[in-house]
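Student: Please find work-v4.cif (mmCIF, C-alpha atoms) on the next line:
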```cif
data_target
loop_
_atom_site.label_atom_id
_atom_site.label_comp_id
_atom_site.auth_asym_id
_atom_site.auth_seq_id
_atom_site.Cartn_x
_atom_site.Cartn_y
_atom_site.Cartn_z
CA MET A 1 0.00 0.00 0.00
CA HIS A 2 1.77 3.12 -1.20
CA LEU A 3 -0.62 5.74 0.18
CA ARG A 4 0.49 7.67 3.27
CA PHE A 5 -3.11 7.16 4.33
CA SER A 6 -2.53 3.38 4.25
CA GLN A 7 0.75 3.62 6.15
CA ASP A 8 -0.99 5.49 8.96
CA ILE A 9 -3.65 2.80 9.13
CA LYS A 10 -1.04 0.04 9.40
CA SER A 11 0.66 1.88 12.25
CA LEU A 12 -2.64 2.33 14.09
CA LEU A 13 -3.51 -1.34 13.67
CA GLN A 14 -0.17 -2.30 15.26
CA ARG A 15 -0.89 0.04 18.18
CA LEU A 16 -4.34 -1.48 18.63
CA ALA A 17 -2.78 -4.91 19.09
CA GLU A 18 -0.90 -3.59 22.13
CA GLN A 19 -3.27 -1.19 23.91
CA PRO A 20 -6.55 0.73 23.58
CA LEU A 21 -6.40 3.74 21.30
CA THR A 22 -7.64 7.26 22.09
CA LEU A 23 -8.33 10.12 19.71
CA GLY A 24 -5.48 12.00 21.42
CA ASP A 25 -3.09 9.14 20.66
CA ILE A 26 -3.97 9.27 16.97
CA LEU A 27 -3.54 13.05 16.81
CA ALA A 28 -0.17 12.85 18.59
CA GLU A 29 1.14 10.17 16.23
CA THR A 30 -0.04 11.58 12.94
CA SER A 31 0.70 15.29 13.43
CA GLU A 32 -0.91 17.49 10.75
CA ARG A 33 -2.40 14.47 8.98
CA GLY A 34 -4.21 13.74 12.23
CA PHE A 35 -6.91 16.21 11.26
CA CYS A 36 -8.00 14.19 8.27
CA LEU A 37 -7.19 10.76 9.70
CA VAL A 38 -9.30 11.27 12.84
CA ILE A 39 -12.14 12.79 10.79
CA THR A 40 -12.01 9.70 8.57
CA LEU A 41 -12.09 7.35 11.56
CA LEU A 42 -15.08 9.19 12.99
CA ILE A 43 -17.18 9.29 9.83
CA LEU A 44 -16.33 5.89 8.34
CA PRO A 45 -19.01 4.07 10.41
CA PHE A 46 -21.68 6.19 8.72
CA LEU A 47 -21.12 4.19 5.53
CA PHE A 48 -22.70 1.29 7.40
CA PRO A 49 -25.73 0.86 9.72
CA MET A 50 -24.97 2.81 12.89
CA PRO A 51 -26.22 2.23 16.46
CA PRO A 52 -28.31 5.19 17.68
CA GLY A 53 -26.66 7.98 19.64
CA LEU A 54 -23.29 8.16 17.86
CA THR A 55 -24.13 10.73 15.19
CA GLY A 56 -24.03 13.68 17.59
CA PRO A 57 -20.74 12.94 19.41
CA PHE A 58 -18.85 11.74 16.31
CA GLY A 59 -20.26 14.51 14.16
CA GLY A 60 -19.47 17.11 16.82
CA ALA A 61 -15.83 16.02 16.99
CA CYS A 62 -15.57 16.17 13.18
CA LEU A 63 -17.11 19.63 13.17
CA LEU A 64 -14.64 20.83 15.81
CA LEU A 65 -11.63 19.56 13.84
CA SER A 66 -12.84 20.86 10.47
CA ALA A 67 -13.59 24.29 12.01
CA GLN A 68 -9.94 24.44 13.13
CA MET A 69 -8.91 23.75 9.52
CA VAL A 70 -11.07 26.68 8.40
CA LEU A 71 -9.19 28.86 10.90
CA GLY A 72 -5.89 27.71 9.40
CA ARG A 73 -4.68 25.64 12.35
CA ARG A 74 -2.14 22.94 11.49
CA SER A 75 -1.97 21.35 14.94
CA PRO A 76 -5.29 19.74 15.87
CA TRP A 77 -6.78 20.28 19.31
CA LEU A 78 -9.60 18.50 21.09
CA PRO A 79 -11.02 19.06 24.57
CA LYS A 80 -9.51 16.60 27.05
CA ARG A 81 -12.80 14.76 27.47
CA ILE A 82 -13.00 14.06 23.73
CA ALA A 83 -9.24 13.47 23.29
CA ASN A 84 -9.34 10.82 26.03
CA TYR A 85 -12.22 8.97 24.37
CA LYS A 86 -11.13 5.38 23.79
CA PHE A 87 -12.58 3.51 20.87
CA PRO A 88 -13.94 0.18 22.13
CA ARG A 89 -11.28 -2.22 20.95
CA PRO A 90 -13.49 -4.42 18.70
CA PHE A 91 -15.14 -1.29 17.26
CA ALA A 92 -11.78 0.36 16.60
CA GLN A 93 -10.41 -2.77 14.94
CA LEU A 94 -13.49 -2.99 12.73
CA LEU A 95 -13.08 0.67 11.75
CA LEU A 96 -9.42 0.30 10.87
CA GLN A 97 -10.00 -2.93 8.97
CA ASN A 98 -12.69 -1.23 6.91
CA LEU A 99 -10.31 1.65 6.27
CA GLY A 100 -7.73 -0.84 5.07
CA HIS A 101 -10.17 -2.30 2.55
CA LEU A 102 -11.19 1.20 1.53
CA THR A 103 -7.64 2.17 0.65
CA LYS A 104 -7.49 -0.60 -1.97
CA VAL A 105 -10.11 1.39 -3.85
CA LEU A 106 -8.74 4.82 -3.00
CA GLN A 107 -5.18 4.07 -4.12
CA LYS A 108 -6.56 3.54 -7.63
CA ILE A 109 -7.88 7.11 -7.77
CA ALA A 110 -5.67 9.10 -5.36
CA ARG A 111 -2.08 10.14 -6.03
CA PRO A 112 -0.02 13.34 -5.70
CA ARG A 113 -1.21 15.67 -8.49
CA LEU A 114 -1.50 19.42 -9.07
CA ALA A 115 0.81 20.17 -6.15
CA LYS A 116 0.33 23.95 -6.39
CA ILE A 117 -3.36 23.50 -5.69
CA ALA A 118 -2.94 20.80 -3.04
CA HIS A 119 -0.40 22.76 -0.99
CA HIS A 120 -1.96 26.22 -1.27
CA PRO A 121 -2.78 27.56 2.23
CA LEU A 122 -6.24 28.68 1.11
CA ILE A 123 -7.07 25.14 -0.07
CA TRP A 124 -6.53 23.83 3.47
CA ARG A 125 -9.15 26.30 4.75
CA ILE A 126 -11.58 25.55 1.90
CA ASN A 127 -11.23 21.81 2.59
CA GLY A 128 -12.10 22.47 6.22
CA LEU A 129 -15.11 24.54 5.16
CA CYS A 130 -16.39 21.80 2.85
CA ILE A 131 -15.89 19.13 5.52
CA SER A 132 -17.74 21.33 8.04
CA LEU A 133 -20.66 21.77 5.63
CA LEU A 134 -20.84 18.05 4.86
CA THR A 135 -20.63 17.21 8.57
CA VAL A 136 -23.62 19.47 9.28
CA LEU A 137 -25.53 17.62 6.55
CA LEU A 138 -24.41 14.33 8.10
CA ILE A 139 -25.77 15.33 11.51
CA LEU A 140 -29.18 16.33 10.13
CA PRO A 141 -31.87 13.83 11.23
CA ILE A 142 -32.79 12.72 7.71
CA PRO A 143 -33.20 8.92 7.49
CA PHE A 144 -30.96 6.87 5.16
CA THR A 145 -28.86 9.85 3.99
CA ASN A 146 -25.73 9.39 6.15
CA PRO A 147 -23.61 7.68 3.45
CA ILE A 148 -24.08 10.58 1.02
CA PRO A 149 -22.10 13.30 2.87
CA THR A 150 -19.78 10.61 4.26
CA VAL A 151 -18.50 9.83 0.76
CA GLY A 152 -17.80 13.53 0.15
CA ILE A 153 -15.90 13.86 3.44
CA LEU A 154 -13.85 10.70 2.74
CA LEU A 155 -12.79 11.98 -0.67
CA LEU A 156 -11.72 15.33 0.80
CA THR A 157 -9.73 13.82 3.67
CA VAL A 158 -7.91 11.33 1.44
CA ALA A 159 -7.21 13.98 -1.21
CA THR A 160 -5.79 16.27 1.50
CA ILE A 161 -3.54 13.58 2.99
CA GLU A 162 -2.30 12.45 -0.43
CA SER A 163 -1.80 16.03 -1.75
CA ASP A 164 -4.03 15.23 -4.72
CA GLY A 165 -5.07 18.59 -6.15
CA LEU A 166 -7.18 17.02 -8.89
CA LEU A 167 -9.18 14.90 -6.44
CA ILE A 168 -9.61 17.97 -4.22
CA CYS A 169 -11.19 19.87 -7.14
CA ILE A 170 -13.43 16.89 -7.96
CA SER A 171 -14.44 16.72 -4.28
CA TYR A 172 -15.49 20.37 -4.38
CA GLY A 173 -17.84 19.55 -7.25
CA ILE A 174 -19.21 16.55 -5.34
CA THR A 175 -19.71 18.76 -2.26
CA VAL A 176 -21.80 21.18 -4.33
CA LEU A 177 -23.89 18.30 -5.73
CA ILE A 178 -24.46 16.83 -2.26
CA THR A 179 -25.48 20.24 -0.90
CA LEU A 180 -27.95 20.70 -3.77
CA CYS A 181 -29.28 17.18 -3.14
CA PHE A 182 -29.96 17.97 0.52
CA GLY A 183 -31.46 21.32 -0.49
CA PHE A 184 -33.87 19.46 -2.76
CA ILE A 185 -34.73 17.01 0.04
CA GLY A 186 -35.35 19.93 2.42
CA TYR A 187 -37.53 21.69 -0.13
CA ALA A 188 -39.52 18.48 -0.71
CA VAL A 189 -40.06 18.06 3.05
CA TRP A 190 -41.16 21.69 3.30
CA LEU A 191 -43.67 21.20 0.47
CA ALA A 192 -44.95 17.87 1.76
CA PRO A 193 -47.64 19.19 4.16
CA SER A 194 -49.28 21.20 1.40
CA LEU A 195 -49.01 18.40 -1.19
CA LEU A 196 -50.38 15.55 0.91
CA PRO A 197 -54.03 16.71 0.90
CA SER A 198 -54.08 16.94 -2.90
CA ILE A 199 -52.42 13.52 -3.25
CA PHE A 200 -55.03 11.78 -1.12
CA LYS A 201 -58.07 13.49 -2.71
#
```
If you took the structure in this file and wrote it as structure tokens, what would it be?
Tutor:
Amino acid sequence: MHLRFSQDIKSLLQRLAEQPLTLGDILAETSERGFCLVITLLILPFLFPMPPGLTGPFGGACLLLSAQMVLGRRSPWLPKRIANYKFPRPFAQLLLQNLGHLTKVLQKIARPRLAKIAHHPLIWRINGLCISLLTVLLILPIPFTNPIPTVGILLLTVATIESDGLLICISYGITVLITLCFGFIGYAVWLAPSLLPSIFK
């Protein structure tokens, strides 16, 4: 696995075999890449059926990290209570194993490209803004929509870690499409009360 993303996952899997892993541990080990790696770990479960009650805490942590990216921070910070959160060992192993499988797909589309775009300081902030927007959409209580913004966030985090300027630009387009999709859903929900009586006439 040639992706830096994959190398980080391998390191975390080795750590998991020795002791429980906290969000703070991951951030300390991965430095600047910790922003995107932790965000990925937190949102990956939303690709699959999730137990109730995790959307708020996981989404809140993602929002906090992405907001720091918008502000231009390069060293991630989390409140001690969140940083000391330990992934349940089986849950963490499942997450990391799924990430490992995911990289087999991602390494076919992600590679260092358009370095001037990928490394521009403004791009870091825009990536954070897009991730924040998609996280807000993820947190919204709309049934069966979690995987949609999750895919957008995953593409942005991987593109950022791999310095893939082309994939970053593609992710911006996908972010716009996802936002429009949720706007359409919201508009449909808003219209529903007035449409229902005419439907059932």
Student: Tell me which protein, DNA and RNA residues are within 8 Å of A:Gly128, counting only C-alpha atoms, leaving out same-chain ones fewer than 4 positions away, and put them as a list of chain:residue names.
Tutor: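 So the residues in contact are A:Ser66, A:Ala67, A:Gln68, A:Met69, A:Val70, A:Trp124, A:Ser132.
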Student: I'd like the interatomic distance between atom CA of A:Leu156 and atom CA of A:Ile131, to a tenth of an Å.
Tutor: 7.4 Å
Student: Using all atoms listed in the file, find each residue in stretch 96-166 of chain A having at least one atom no more than 8 Å away from stretch 170-186 of chain A; report its shortest atom-to-atom pair and that distance in Å (one decimal), rows by chain then rising number, as a tab-separated table.
Tutor:
```
residue	atom	partner	partner_atom	distance
A:Cys130	CA	A:Thr175	CA	6.8
A:Leu134	CA	A:Thr175	CA	7.2
A:Leu137	CA	A:Phe182	CA	7.5
A:Ile148	CA	A:Ile178	CA	7.1
A:Pro149	CA	A:Ile178	CA	6.7
A:Gly152	CA	A:Thr175	CA	6.1
A:Leu155	CA	A:Ser171	CA	6.2
A:Leu156	CA	A:Ser171	CA	5.9
A:Leu166	CA	A:Ile170	CA	6.3
```
Student: What does the distance between atom CA of A:Phe58 and atom CA of A:Lys10 come to in Å, to one decimal place?
Tutor: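 Result for atom CA of A:Phe58 versus atom CA of A:Lys10: 22.4 Å, one decimal.
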Student: Write out as a ChimeraX atom specification each polymer residue whose atoms come within 9 Å of A:Val136, counting all atoms listed in the file; drop sequence neighbours fewer than 6 positions from it.
Tutor: /A:59-60,63
Student: Here is a test: counting all atoms listed in the file, which residue of A:Leu106, A:Leu65, A:Leu122, A:Leu94 is nearest to A:Val151?
Tutor: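 Of A:Leu106, A:Leu65, A:Leu122, A:Leu94, the one nearest A:Val151, counting all atoms listed in the file, is A:Leu106.
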Student: Quick one: of A:Gly56, A:Pro45, A:Pro141, A:Pro76, who's nearest to A:Leu96, counting only C-alpha atoms?
Tutor: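 The closest residue to A:Leu96 is A:Pro45.
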Student: Find the residue from A:Leu44, A:Leu23, A:Leu71, A:Trp190 that sits nearest to A:His101; use all atoms listed in the file when measuring.
Tutor: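 Comparing A:Leu44, A:Leu23, A:Leu71, A:Trp190 against A:His101, the winner is A:Leu44.
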Student: Given the file shown, determine the residues that the PyMOL selection byres ((chain A and resi 143) around 12) selects; report them as a PyMOL selection string.
Tutor: chain A and resi 46+49-50+52+137-142+144-148+182+185
Student: Taking all atoms listed in the file into account, which of A:Leu95, A:Ala110, A:Leu12, A:Leu191 comes nearest A:Thr157?
Tutor: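 For A:Thr157, the nearest of the candidates is A:Ala110.
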Student: Rounded to one decimal place, report the atom CA of A:Asp164-atom CA of A:Thr150 distance in Å.
Tutor: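 Going from atom CA of A:Asp164 over to atom CA of A:Thr150, I get 18.7 Å.
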Student: My list of candidates is A:Phe5, A:Ile168, A:Gly72, A:Ile153. Which is closest to A:Arg125 when distances are computed with all atoms listed in the file?
Tutor: A:Gly72
Student: Compare A:Ala61, A:Leu42, A:Leu21, A:Leu99 by their minimum atom-to-atom distance to A:Ile9, counting all atoms listed in the file, and give me the closest one.
Tutor: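 Closest residue, counting all atoms listed in the file: A:Leu99.
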Student: Once you count all atoms listed in the file, which residues end up no further than 9 Å from (-7.9, 19.4, 19.8) in the file's frame, shown as a ChimeraX atom specification?
Tutor: /A:24,27,64-65,68,75-80,82-83
Student: Enclose stretch 44-49 of chain A, meaning all of its atoms listed in the file, in a box aligned along x, y and z, pad it by 6 Å on each side, and list the centre and edge lengths in Å to one decimal, as JSON.
Tutor:
```
{"center_x": -21.0, "center_y": 3.5, "center_z": 8.0, "size_x": 21.4, "size_y": 17.3, "size_z": 16.9}
```
Student: Any chance you could resolve the PyMOL selection byres ((chain A and resi 37) around 10) against this file and give the residues as a list in words?
Tutor: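 Checked against the file, the PyMOL selection byres ((chain A and resi 37) around 10) matches Phe5, Asp8, Ile9, Ile26, Leu27, Thr30, Ser31, Glu32, Arg33, Gly34, Phe35, Cys36, Val38, Ile39, Thr40, Leu41, Leu42, Leu154, Thr157, Val158, Thr160 and Ile161 of chain A.
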